[in-house]
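Heads up: the structure comes next, in structure tokens.
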Protein chains: 2
Amino acid sequence: MSKMRTIEWDSKAHQLIVINQRLIPQRLERVALSSCQDIGQAIKDMTIRGAPVIGVAAAFGVVLSALQSSSDNVTMLRQDLEQSIQYLGSTRPTAVNLQWALERMHMVARSSDQPAGIRQSLEREAMQMADEDVETNQAIARHGEELIEDGDTIIHHCNTGALATVDWGTGLGIIRLAHEQGKRIHILVDETRPRLQGTRLTAWELKQYGIPYDIITDNMAGHFLSRGMVQKVIFGADRVAANGDVANKIGSYMLALAAYDNVVPVYSVFPLSTVDLDISQGSDIPIENRDPNEVLDIQLDGERVTPEGSSALNPAFDITPARLISAFVTERGIVRPPYFKNLSQIKGKK
Amino acid sequence: MSKMRTIEWDSKAHQLIVINQRLIPQRLERVALSSCQDIGQAIKDMTIRGAPVIGVAAAFGVVLSALQSSSDNVTMLRQDLEQSIQYLGSTRPTAVNLQWALERMHMVARSSDQPAGIRQSLEREAMQMADEDVETNQAIARHGEELIEDGDTIIHHCNTGALATVDWGTGLGIIRLAHEQGKRIHILVDETRPRLQGTRLTAWELKQYGIPYDIITDNMAGHFLSRGMVQKVIFGADRVAANGDVANKIGSYMLALAAYDNVVPVYSVFPLSTVDLDISQGSDIPIENRDPNEVLDIQLDGERVTPEGSSALNPAFDITPARLISAFVTERGIVRPPYFKNLSQIKGKK
């Protein structure tokens with residue numbers, strides 16, 4: 001892994017320096033984002049992706065908006081900020097971490113009446129959120145690591161690693177800690193169509209951590225589960241409803257079903273900012289539909305293979321019902337059913 | 001669709017002319033196969049694919065072997081033929097149609113004591129198998145069409161069309177007939193990783209038949225099923241055990257699970273030559289593992305996206321337990337549970 005965080009704030013140049021995740025694994029390239037619009041665009045086009053890190057990136061979008069607003073009048077500054085918050089919040093509808101981070105920034109913008117004070121507080125808040133994210137992930141890893149046993153083969157969906165967060169990762173952070181503690185584990189990496197976050201990002205991270213893995217296509221998971229070759233399934237979450245239903249990367253639901261059918265535990269791993277107690281069940285979570293070309297633009301042997309004029313559908317997330325999930329892993333510990341009671345309890349706890 | 005069959009025997013030139021399925025949809029190109037080895041290689045590398053058609057193609061491999069054997073001695077000719085049969089039977093282990101077709105050729109080779117007579121009988125038998133395959137598929141379509149309702153949205157996995165057979169298709173043949181009879185149907189085409197038979201072959205066929213479709217990645221099926229947007233799931237079979245467990249293209253099991261979880265019927269469609277009463281349950285069916293590069297060689301935006309040195313697993317088929325399948329569609333009618341009794345009954349029936 002690179003020694004730098006996935007996103008880093010340059011407080012002198014007023015720039016957010018981010019790893020361009022669209023180019024991994026071909027190249028490790030950083031890009032400097034110097035406006036709220038830049039950050040919004042980078043979230044939309046998945047230069048920055050992963051629920052935890054897009055929240056923090058959006059917070060820096062608000063910082064850049066504040067620093068660049070010419071307004072010396074507090075009311076007008078706040079109007080500029082509200083516009084930026086609304087814009088950033090619209091970039092990706094499913095991951096609630098984005099709304100959560102923006103809500104924090106909104107509150108900070110209300111905490112002072114001085115434009116200079118607001119700007120300073122916003123910058124401090126975003127930097128603190130970045131640090132908190134790393135601490136949160138390390139706490140998640142400590143709790144989750146107990147679930148992993150020596151010799152486990154684990155199916156992992158999408159990317160929940162350092163790249164999905166400011167640093168360290170959520171689901172992959174657990175795997176990384178278990179590996180560092182000497183547990184022998186093997187990962188089956190779901191390639192995660194259509195954007196191939198598994199093949200591109202998770203395999204790239206695992207290779208650097210020295211954790212053995214094989215890439216599989218998403219539709220193979222059931223085969224390995226049914227043959228008794230898998231002991232755990234791990235994925236993240238983009239939004240968790242009060243009843244424990246999980247919105248996560250498309251394919252999570254079918255993976256969880258296959259695990260459930262073979263009595264293999266499924267763990268969904270996330271910071272508690274992912275839990276949205278205002279949403280009672282998964283079917284109420286908005287699902288982002290992305291550009292069909294993400295499905296159609298696929299090449300084999302150097303040639304595009306989609307018949308001309310074909311259309312495609314591209315929902316980016318699906319809902320895994322709570323009944324299929326064995327436990328959640330959060331920074332405050334492992335949460336087991338009944339989820340409605342236990343999620344609100346742990347989220348409310350100080 | 002092309003006016004020609006997927007494979008056609010040129011009895012003058014002693015060549016099997018086949019559509020090169022590796023090049024579709026980019027180009028519709030025919031290739032002439034003039035030896036048993038050619039045909040075996042074409043089956044292995046999926047120039048010819050689809051359980052029903054590889055059986056018939058292999059039969060012509062035996063014909064070519066007979067025509068090219070210099071042996072005028074019946075014992076030696078039979079030895080040559082047995083070698084060819086063994087070779088052809090080893091090209092792909094899962095689809096039992098291959099073994100079934102080769103067994104028929106083996107019996108024909110025993111039916112005469114004259115080398116010339118054997119050669120003639122083998123050629124006649126293979127040509128008859130090709131014709132029978134088309135008739136079988138049309139019978140399947142007539143039975144299966146009754147299951148399709150006006151307005152249905154159907155998820156289809158892999159390719160079960162004209163390209164998977166000598167002509168017309170099995171699962172897709174049902175869809176085609178329902179469309180021709182004026183039923184308004186919409187197909188969600190599973191792209192079917194890793195070889196993308198859905199995107200490449202099924203979408204190409206549907207486009208020519210004028211049947212509306214959208215391509216989806218395999219891992220999206222659960223989402224559409226859970227939203228109530230799908231009324232049927234249809235796929236083929238490469239081998240069906242006596243208890244009704246189905247070996248079919250990798251991903252069928254997870255698709256069937258998702259349909260079952262949403263009370264959507266799953267139909268597996270095949271000629272009765274696919275039923276292997278000698279195998280009592282799915283876990284006894286041999287599963288072919290193919291070259292990992294079929295998983296790793298994937299390109300997005302013109303670039304290979306797999307980290308260097310990555311390994312992959314590539315089982316080409318999985319087992320869908322009989323409990324997840326609502327009915328089978330065969331040339332002799334629809335088969336419903338209990339499968340153990342009803343499959344052997346219908347297969348035994350003359």
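Ligands are numbered from 1 in the order shown, chains are lettered A, B, ... in the order of the structure tokens, and residues start at 1 in each chain.
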In stretch 263-316 of chain A, DSSP helix (DSSP H, G or I) residues written as a ChimeraX atom specification: /A:272-274,282-284,293-296
Any idea which chain B residues end up within 6 Å of chain A if we count only C-alpha atoms, as a list in words please? Pro25, Thr199, Arg200, Trp204, Asp214, Ile215, Ile216, Asn219, Met220, Gly222, His223, Gly251, Met254, Ile298, Gln299, Leu300, Val305, Thr306, Pro307, Ser311, Ala312, Leu313 and Asp318 of chain B
Would you output that residue set with N, CA and C atoms, as a PDB file, in the first residue's frame?
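The result, written out as again_31.pdb:
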```pdb
ATOM      1  N   PRO B  25     -20.164 -11.079 -30.999  1.00  0.00           N
ATOM      2  CA  PRO B  25     -20.919 -10.449 -32.093  1.00  0.00           C
ATOM      3  C   PRO B  25     -20.065  -9.625 -33.061  1.00  0.00           C
ATOM      4  N   THR B 199     -23.938 -11.549 -22.969  1.00  0.00           N
ATOM      5  CA  THR B 199     -23.667 -10.296 -23.680  1.00  0.00           C
ATOM      6  C   THR B 199     -23.357 -10.559 -25.151  1.00  0.00           C
ATOM      7  N   ARG B 200     -22.531 -11.570 -25.405  1.00  0.00           N
ATOM      8  CA  ARG B 200     -22.040 -11.781 -26.765  1.00  0.00           C
ATOM      9  C   ARG B 200     -23.053 -12.519 -27.634  1.00  0.00           C
ATOM     10  N   TRP B 204     -26.980 -10.903 -29.022  1.00  0.00           N
ATOM     11  CA  TRP B 204     -26.864 -10.901 -30.491  1.00  0.00           C
ATOM     12  C   TRP B 204     -28.057 -11.612 -31.131  1.00  0.00           C
ATOM     13  N   ASP B 214     -32.487  -6.044 -22.000  1.00  0.00           N
ATOM     14  CA  ASP B 214     -31.447  -5.254 -21.354  1.00  0.00           C
ATOM     15  C   ASP B 214     -30.397  -6.215 -20.837  1.00  0.00           C
ATOM     16  N   ILE B 215     -29.144  -5.851 -20.998  1.00  0.00           N
ATOM     17  CA  ILE B 215     -28.067  -6.649 -20.427  1.00  0.00           C
ATOM     18  C   ILE B 215     -27.898  -6.242 -18.958  1.00  0.00           C
ATOM     19  N   ILE B 216     -27.705  -7.236 -18.094  1.00  0.00           N
ATOM     20  CA  ILE B 216     -27.370  -6.964 -16.690  1.00  0.00           C
ATOM     21  C   ILE B 216     -26.141  -7.796 -16.317  1.00  0.00           C
ATOM     22  N   ASN B 219     -24.622 -10.446 -11.107  1.00  0.00           N
ATOM     23  CA  ASN B 219     -24.884 -10.152  -9.700  1.00  0.00           C
ATOM     24  C   ASN B 219     -26.058  -9.197  -9.486  1.00  0.00           C
ATOM     25  N   MET B 220     -26.673  -8.708 -10.570  1.00  0.00           N
ATOM     26  CA  MET B 220     -27.825  -7.802 -10.454  1.00  0.00           C
ATOM     27  C   MET B 220     -29.159  -8.533 -10.405  1.00  0.00           C
ATOM     28  N   GLY B 222     -30.594 -10.611  -8.476  1.00  0.00           N
ATOM     29  CA  GLY B 222     -31.286 -10.575  -7.187  1.00  0.00           C
ATOM     30  C   GLY B 222     -32.010  -9.263  -6.951  1.00  0.00           C
ATOM     31  N   HIS B 223     -31.395  -8.182  -7.368  1.00  0.00           N
ATOM     32  CA  HIS B 223     -32.026  -6.864  -7.197  1.00  0.00           C
ATOM     33  C   HIS B 223     -33.351  -6.800  -7.944  1.00  0.00           C
ATOM     34  N   GLY B 251     -23.050 -19.797 -12.105  1.00  0.00           N
ATOM     35  CA  GLY B 251     -23.949 -18.680 -11.804  1.00  0.00           C
ATOM     36  C   GLY B 251     -25.408 -19.089 -11.771  1.00  0.00           C
ATOM     37  N   MET B 254     -26.757 -19.449  -8.030  1.00  0.00           N
ATOM     38  CA  MET B 254     -27.064 -18.206  -7.316  1.00  0.00           C
ATOM     39  C   MET B 254     -28.301 -17.520  -7.899  1.00  0.00           C
ATOM     40  N   ILE B 298      -9.611  -9.473 -18.539  1.00  0.00           N
ATOM     41  CA  ILE B 298     -10.777  -8.612 -18.734  1.00  0.00           C
ATOM     42  C   ILE B 298     -10.277  -7.189 -18.838  1.00  0.00           C
ATOM     43  N   GLN B 299     -10.846  -6.455 -19.753  1.00  0.00           N
ATOM     44  CA  GLN B 299     -10.393  -5.087 -19.970  1.00  0.00           C
ATOM     45  C   GLN B 299     -11.550  -4.115 -19.827  1.00  0.00           C
ATOM     46  N   LEU B 300     -11.258  -2.988 -19.213  1.00  0.00           N
ATOM     47  CA  LEU B 300     -12.207  -1.884 -19.109  1.00  0.00           C
ATOM     48  C   LEU B 300     -11.505  -0.668 -19.692  1.00  0.00           C
ATOM     49  N   VAL B 305      -7.147  -4.882 -16.333  1.00  0.00           N
ATOM     50  CA  VAL B 305      -7.332  -4.315 -15.002  1.00  0.00           C
ATOM     51  C   VAL B 305      -6.959  -5.273 -13.870  1.00  0.00           C
ATOM     52  N   THR B 306      -6.402  -6.419 -14.192  1.00  0.00           N
ATOM     53  CA  THR B 306      -6.030  -7.367 -13.142  1.00  0.00           C
ATOM     54  C   THR B 306      -4.604  -7.100 -12.678  1.00  0.00           C
ATOM     55  N   PRO B 307      -4.384  -6.977 -11.354  1.00  0.00           N
ATOM     56  CA  PRO B 307      -3.014  -6.771 -10.872  1.00  0.00           C
ATOM     57  C   PRO B 307      -2.108  -7.916 -11.340  1.00  0.00           C
ATOM     58  N   SER B 311      -3.867 -14.684  -9.312  1.00  0.00           N
ATOM     59  CA  SER B 311      -4.379 -15.964  -9.774  1.00  0.00           C
ATOM     60  C   SER B 311      -5.899 -15.935  -9.680  1.00  0.00           C
ATOM     61  N   ALA B 312      -6.528 -16.878 -10.358  1.00  0.00           N
ATOM     62  CA  ALA B 312      -7.989 -16.934 -10.363  1.00  0.00           C
ATOM     63  C   ALA B 312      -8.427 -18.389 -10.378  1.00  0.00           C
ATOM     64  N   LEU B 313      -9.676 -18.612  -9.993  1.00  0.00           N
ATOM     65  CA  LEU B 313     -10.297 -19.931 -10.114  1.00  0.00           C
ATOM     66  C   LEU B 313     -11.372 -19.815 -11.195  1.00  0.00           C
ATOM     67  N   ASP B 318     -21.921 -24.934 -12.200  1.00  0.00           N
ATOM     68  CA  ASP B 318     -22.245 -25.203 -10.804  1.00  0.00           C
ATOM     69  C   ASP B 318     -23.483 -26.081 -10.758  1.00  0.00           C
TER      70      ASP B 318
END
```
Could you list, as a PyMOL selection string, every residue within 10 Å of A:Ala139, counting only C-alpha atoms and ignoring same-chain residues fewer than 4 positions away? chain A and resi 133-135+143-145+170+173-174+271+329-333
Selection above as a file: N, CA, C and O atoms, as a PDB file, in the first residue's frame:
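Written file, again35.pdb:
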```pdb
ATOM      1  N   ASP A 133     -11.853   8.647  11.101  1.00  0.00           N
ATOM      2  CA  ASP A 133     -12.151   7.505  10.232  1.00  0.00           C
ATOM      3  C   ASP A 133     -11.091   6.428  10.395  1.00  0.00           C
ATOM      4  O   ASP A 133     -11.415   5.235  10.475  1.00  0.00           O
ATOM      5  N   VAL A 134      -9.833   6.839  10.492  1.00  0.00           N
ATOM      6  CA  VAL A 134      -8.757   5.846  10.641  1.00  0.00           C
ATOM      7  C   VAL A 134      -8.871   5.142  11.994  1.00  0.00           C
ATOM      8  O   VAL A 134      -8.778   3.908  12.086  1.00  0.00           O
ATOM      9  N   GLU A 135      -9.142   5.916  13.035  1.00  0.00           N
ATOM     10  CA  GLU A 135      -9.298   5.314  14.374  1.00  0.00           C
ATOM     11  C   GLU A 135     -10.498   4.360  14.409  1.00  0.00           C
ATOM     12  O   GLU A 135     -10.429   3.275  14.998  1.00  0.00           O
ATOM     13  N   HIS A 143     -12.290  -5.467  16.842  1.00  0.00           N
ATOM     14  CA  HIS A 143     -13.486  -6.257  17.166  1.00  0.00           C
ATOM     15  C   HIS A 143     -13.658  -7.418  16.184  1.00  0.00           C
ATOM     16  O   HIS A 143     -13.924  -8.552  16.571  1.00  0.00           O
ATOM     17  N   GLY A 144     -13.513  -7.124  14.896  1.00  0.00           N
ATOM     18  CA  GLY A 144     -13.820  -8.114  13.862  1.00  0.00           C
ATOM     19  C   GLY A 144     -12.803  -9.233  13.790  1.00  0.00           C
ATOM     20  O   GLY A 144     -13.139 -10.368  13.420  1.00  0.00           O
ATOM     21  N   GLU A 145     -11.586  -8.903  14.144  1.00  0.00           N
ATOM     22  CA  GLU A 145     -10.511  -9.883  14.026  1.00  0.00           C
ATOM     23  C   GLU A 145     -10.814 -11.144  14.829  1.00  0.00           C
ATOM     24  O   GLU A 145     -10.423 -12.244  14.441  1.00  0.00           O
ATOM     25  N   THR A 170     -12.325  -1.211   6.327  1.00  0.00           N
ATOM     26  CA  THR A 170     -13.322  -1.770   7.250  1.00  0.00           C
ATOM     27  C   THR A 170     -13.254  -3.310   7.187  1.00  0.00           C
ATOM     28  O   THR A 170     -12.537  -3.933   7.955  1.00  0.00           O
ATOM     29  N   GLY A 173      -9.894  -4.336   6.490  1.00  0.00           N
ATOM     30  CA  GLY A 173      -9.070  -4.009   7.650  1.00  0.00           C
ATOM     31  C   GLY A 173      -9.056  -5.147   8.670  1.00  0.00           C
ATOM     32  O   GLY A 173      -8.044  -5.416   9.316  1.00  0.00           O
ATOM     33  N   ILE A 174     -10.204  -5.817   8.805  1.00  0.00           N
ATOM     34  CA  ILE A 174     -10.288  -6.993   9.682  1.00  0.00           C
ATOM     35  C   ILE A 174      -9.384  -8.096   9.149  1.00  0.00           C
ATOM     36  O   ILE A 174      -8.603  -8.713   9.894  1.00  0.00           O
ATOM     37  N   PRO A 271     -18.584   1.577   9.787  1.00  0.00           N
ATOM     38  CA  PRO A 271     -18.661   2.515  10.905  1.00  0.00           C
ATOM     39  C   PRO A 271     -20.127   2.834  11.184  1.00  0.00           C
ATOM     40  O   PRO A 271     -20.967   2.746  10.275  1.00  0.00           O
ATOM     41  N   VAL A 329     -20.163  -5.741  12.166  1.00  0.00           N
ATOM     42  CA  VAL A 329     -18.984  -5.349  12.924  1.00  0.00           C
ATOM     43  C   VAL A 329     -18.847  -3.834  12.832  1.00  0.00           C
ATOM     44  O   VAL A 329     -18.774  -3.276  11.726  1.00  0.00           O
ATOM     45  N   THR A 330     -18.845  -3.181  13.966  1.00  0.00           N
ATOM     46  CA  THR A 330     -18.748  -1.722  14.031  1.00  0.00           C
ATOM     47  C   THR A 330     -17.601  -1.342  14.968  1.00  0.00           C
ATOM     48  O   THR A 330     -17.020  -2.203  15.631  1.00  0.00           O
ATOM     49  N   GLU A 331     -17.330  -0.040  15.034  1.00  0.00           N
ATOM     50  CA  GLU A 331     -16.237   0.434  15.897  1.00  0.00           C
ATOM     51  C   GLU A 331     -16.561   0.256  17.378  1.00  0.00           C
ATOM     52  O   GLU A 331     -15.659   0.291  18.221  1.00  0.00           O
ATOM     53  N   ARG A 332     -17.828   0.034  17.700  1.00  0.00           N
ATOM     54  CA  ARG A 332     -18.189  -0.167  19.102  1.00  0.00           C
ATOM     55  C   ARG A 332     -18.424  -1.631  19.433  1.00  0.00           C
ATOM     56  O   ARG A 332     -18.884  -1.963  20.531  1.00  0.00           O
ATOM     57  N   GLY A 333     -18.164  -2.491  18.488  1.00  0.00           N
ATOM     58  CA  GLY A 333     -18.282  -3.923  18.756  1.00  0.00           C
ATOM     59  C   GLY A 333     -19.145  -4.648  17.743  1.00  0.00           C
ATOM     60  O   GLY A 333     -19.645  -4.042  16.785  1.00  0.00           O
TER      61      GLY A 333
END
```
Polymer residues at most 8 Å from A:Val264, only C-alpha atoms, same-chain spacing of 5 or more positions, as a PDB file with N, CA and C atoms, in the first residue's frame:
```
ATOM      1  N   LEU A 225     -19.069 -21.989  -2.012  1.00  0.00           N
ATOM      2  CA  LEU A 225     -19.814 -22.131  -0.763  1.00  0.00           C
ATOM      3  C   LEU A 225     -20.441 -23.519  -0.673  1.00  0.00           C
ATOM      4  N   VAL A 230     -15.566 -22.508   1.915  1.00  0.00           N
ATOM      5  CA  VAL A 230     -15.578 -21.124   2.411  1.00  0.00           C
ATOM      6  C   VAL A 230     -16.107 -21.107   3.838  1.00  0.00           C
ATOM      7  N   GLN A 231     -15.415 -20.369   4.712  1.00  0.00           N
ATOM      8  CA  GLN A 231     -15.846 -20.326   6.121  1.00  0.00           C
ATOM      9  C   GLN A 231     -16.518 -19.007   6.515  1.00  0.00           C
ATOM     10  N   LYS A 232     -16.229 -17.921   5.757  1.00  0.00           N
ATOM     11  CA  LYS A 232     -16.827 -16.632   6.091  1.00  0.00           C
ATOM     12  C   LYS A 232     -17.101 -15.848   4.817  1.00  0.00           C
ATOM     13  N   VAL A 233     -18.106 -14.987   4.889  1.00  0.00           N
ATOM     14  CA  VAL A 233     -18.336 -13.993   3.834  1.00  0.00           C
ATOM     15  C   VAL A 233     -18.296 -12.619   4.482  1.00  0.00           C
ATOM     16  N   ALA A 259     -24.450 -17.826   0.849  1.00  0.00           N
ATOM     17  CA  ALA A 259     -23.815 -18.167   2.126  1.00  0.00           C
ATOM     18  C   ALA A 259     -24.856 -18.753   3.077  1.00  0.00           C
TER      19      ALA A 259
END
```
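Between B:Trp9 and the residues B:Leu98, B:Ala126, B:Leu88, B:Ile175, the shortest atom-to-atom distance, using only C-alpha atoms, involves B:Ala126.
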Which residue of A:Gly151, A:Ala247, A:Gln15, A:Thr91 approaches A:Asp45 most closely, using only C-alpha atoms: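 Looking at the shortest contact to A:Asp45, the residue is A:Thr91.
Excluding A:Glu149 itself and same-chain residues fewer than 6 positions from it, the residues having an atom within 9 Å of it are Ala178, Lys183, Arg184, Ile185 and Gln231 of chain A, counting only C-alpha atoms.
Across the structure, atom CA of A:Gly210 and atom CA of A:His179 are spaced 8.7 Å apart.
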B:Tyr339 environment, 9 Å, only C-alpha atoms, sequence neighbours closer than 3 positions dropped, as an mmCIF file with all heavy atoms, in the first residue's frame:
```
data_model
loop_
_atom_site.group_PDB
_atom_site.id
_atom_site.type_symbol
_atom_site.label_atom_id
_atom_site.label_comp_id
_atom_site.auth_asym_id
_atom_site.auth_seq_id
_atom_site.Cartn_x
_atom_site.Cartn_y
_atom_site.Cartn_z
ATOM 1 N N ALA B 242 -30.235 -37.858 -11.671
ATOM 2 C CA ALA B 242 -31.506 -38.575 -11.538
ATOM 3 C C ALA B 242 -32.458 -37.890 -10.553
ATOM 4 O O ALA B 242 -33.676 -37.939 -10.704
ATOM 5 C CB ALA B 242 -31.237 -40.015 -11.104
ATOM 6 N N ASN B 243 -31.895 -37.209 -9.562
ATOM 7 C CA ASN B 243 -32.752 -36.555 -8.561
ATOM 8 C C ASN B 243 -33.197 -35.157 -8.981
ATOM 9 O O ASN B 243 -33.881 -34.466 -8.230
ATOM 10 C CB ASN B 243 -32.026 -36.479 -7.204
ATOM 11 C CG ASN B 243 -30.900 -35.457 -7.202
ATOM 12 O OD1 ASN B 243 -30.439 -35.040 -8.272
ATOM 13 N ND2 ASN B 243 -30.453 -35.070 -6.024
ATOM 14 N N GLY B 244 -32.767 -34.710 -10.169
ATOM 15 C CA GLY B 244 -33.183 -33.403 -10.655
ATOM 16 C C GLY B 244 -32.196 -32.275 -10.395
ATOM 17 O O GLY B 244 -32.445 -31.136 -10.800
ATOM 18 N N ASP B 245 -31.087 -32.552 -9.723
ATOM 19 C CA ASP B 245 -30.046 -31.523 -9.583
ATOM 20 C C ASP B 245 -29.479 -31.209 -10.966
ATOM 21 O O ASP B 245 -29.262 -32.120 -11.768
ATOM 22 C CB ASP B 245 -28.894 -32.017 -8.694
ATOM 23 C CG ASP B 245 -29.292 -32.171 -7.229
ATOM 24 O OD1 ASP B 245 -30.393 -31.722 -6.841
ATOM 25 O OD2 ASP B 245 -28.486 -32.746 -6.467
ATOM 26 N N ALA B 322 -32.215 -29.520 -7.067
ATOM 27 C CA ALA B 322 -33.555 -29.715 -7.628
ATOM 28 C C ALA B 322 -34.622 -28.913 -6.887
ATOM 29 O O ALA B 322 -35.579 -28.423 -7.489
ATOM 30 C CB ALA B 322 -33.902 -31.204 -7.591
ATOM 31 N N ALA B 327 -39.717 -26.376 -12.640
ATOM 32 C CA ALA B 327 -40.054 -27.406 -13.630
ATOM 33 C C ALA B 327 -38.941 -27.498 -14.657
ATOM 34 O O ALA B 327 -38.171 -26.563 -14.848
ATOM 35 C CB ALA B 327 -41.372 -27.088 -14.331
ATOM 36 N N VAL B 335 -41.745 -31.318 -16.963
ATOM 37 C CA VAL B 335 -41.566 -32.279 -15.867
ATOM 38 C C VAL B 335 -41.569 -31.516 -14.553
ATOM 39 O O VAL B 335 -40.797 -30.570 -14.373
ATOM 40 C CB VAL B 335 -40.230 -33.046 -16.015
ATOM 41 C CG1 VAL B 335 -40.112 -34.121 -14.933
ATOM 42 C CG2 VAL B 335 -40.097 -33.639 -17.404
ATOM 43 N N ARG B 336 -42.434 -31.940 -13.646
ATOM 44 C CA ARG B 336 -42.510 -31.291 -12.329
ATOM 45 C C ARG B 336 -42.102 -32.291 -11.250
ATOM 46 O O ARG B 336 -42.027 -33.490 -11.505
ATOM 47 C CB ARG B 336 -43.925 -30.778 -12.079
ATOM 48 C CG ARG B 336 -44.337 -29.703 -13.098
ATOM 49 C CD ARG B 336 -45.491 -28.834 -12.614
ATOM 50 N NE ARG B 336 -45.831 -27.830 -13.603
ATOM 51 C CZ ARG B 336 -45.404 -26.567 -13.589
ATOM 52 N NH1 ARG B 336 -44.619 -26.136 -12.617
ATOM 53 N NH2 ARG B 336 -45.759 -25.710 -14.532
ATOM 54 N N ASN B 342 -40.324 -38.720 -11.891
ATOM 55 C CA ASN B 342 -40.847 -38.198 -13.156
ATOM 56 C C ASN B 342 -39.793 -38.094 -14.260
ATOM 57 O O ASN B 342 -40.117 -38.217 -15.439
ATOM 58 C CB ASN B 342 -41.534 -36.850 -12.918
ATOM 59 C CG ASN B 342 -42.795 -37.025 -12.072
ATOM 60 O OD1 ASN B 342 -43.305 -38.159 -11.947
ATOM 61 N ND2 ASN B 342 -43.288 -35.948 -11.486
ATOM 62 N N LEU B 343 -38.540 -37.862 -13.868
ATOM 63 C CA LEU B 343 -37.490 -37.783 -14.893
ATOM 64 C C LEU B 343 -37.230 -39.153 -15.504
ATOM 65 O O LEU B 343 -37.116 -39.287 -16.723
ATOM 66 C CB LEU B 343 -36.192 -37.235 -14.300
ATOM 67 C CG LEU B 343 -36.029 -35.711 -14.290
ATOM 68 C CD1 LEU B 343 -34.740 -35.324 -13.568
ATOM 69 C CD2 LEU B 343 -36.039 -35.123 -15.707
ATOM 70 N N SER B 344 -37.135 -40.173 -14.649
ATOM 71 C CA SER B 344 -36.830 -41.497 -15.202
ATOM 72 C C SER B 344 -38.014 -42.000 -16.010
ATOM 73 O O SER B 344 -37.862 -42.670 -17.018
ATOM 74 C CB SER B 344 -36.457 -42.473 -14.085
ATOM 75 O OG SER B 344 -37.550 -42.657 -13.235
#
```
If we count only C-alpha atoms and set the cut-off at 6 Å, which residues sit around B:Ala51, ignoring sequence neighbours fewer than 2 positions away in its own chain? Please answer as a ChimeraX atom specification. /B:53-54,95,238
Those residues you just picked out, can you put them in a file as a compact mmCIF listing (two decimals), in the first residue's frame with C-alpha atoms?
```txt
# COMPACT_ATOMS: atom_id res chain seq x y z
CA VAL B 53 -24.48 -28.73 -30.29
CA ILE B 54 -21.19 -30.06 -28.92
CA ALA B 95 -22.07 -31.74 -20.55
CA ASP B 238 -25.38 -29.39 -19.18
```
Every residue of stretch 119-334 of chain A that DSSP places in strand (DSSP E), as a PyMOL selection string: chain A and resi 153-156+186-190+213-216+232-235+239-241+246-249+266-269+275-276+298-300+303-304+317-320+327-330+333-334
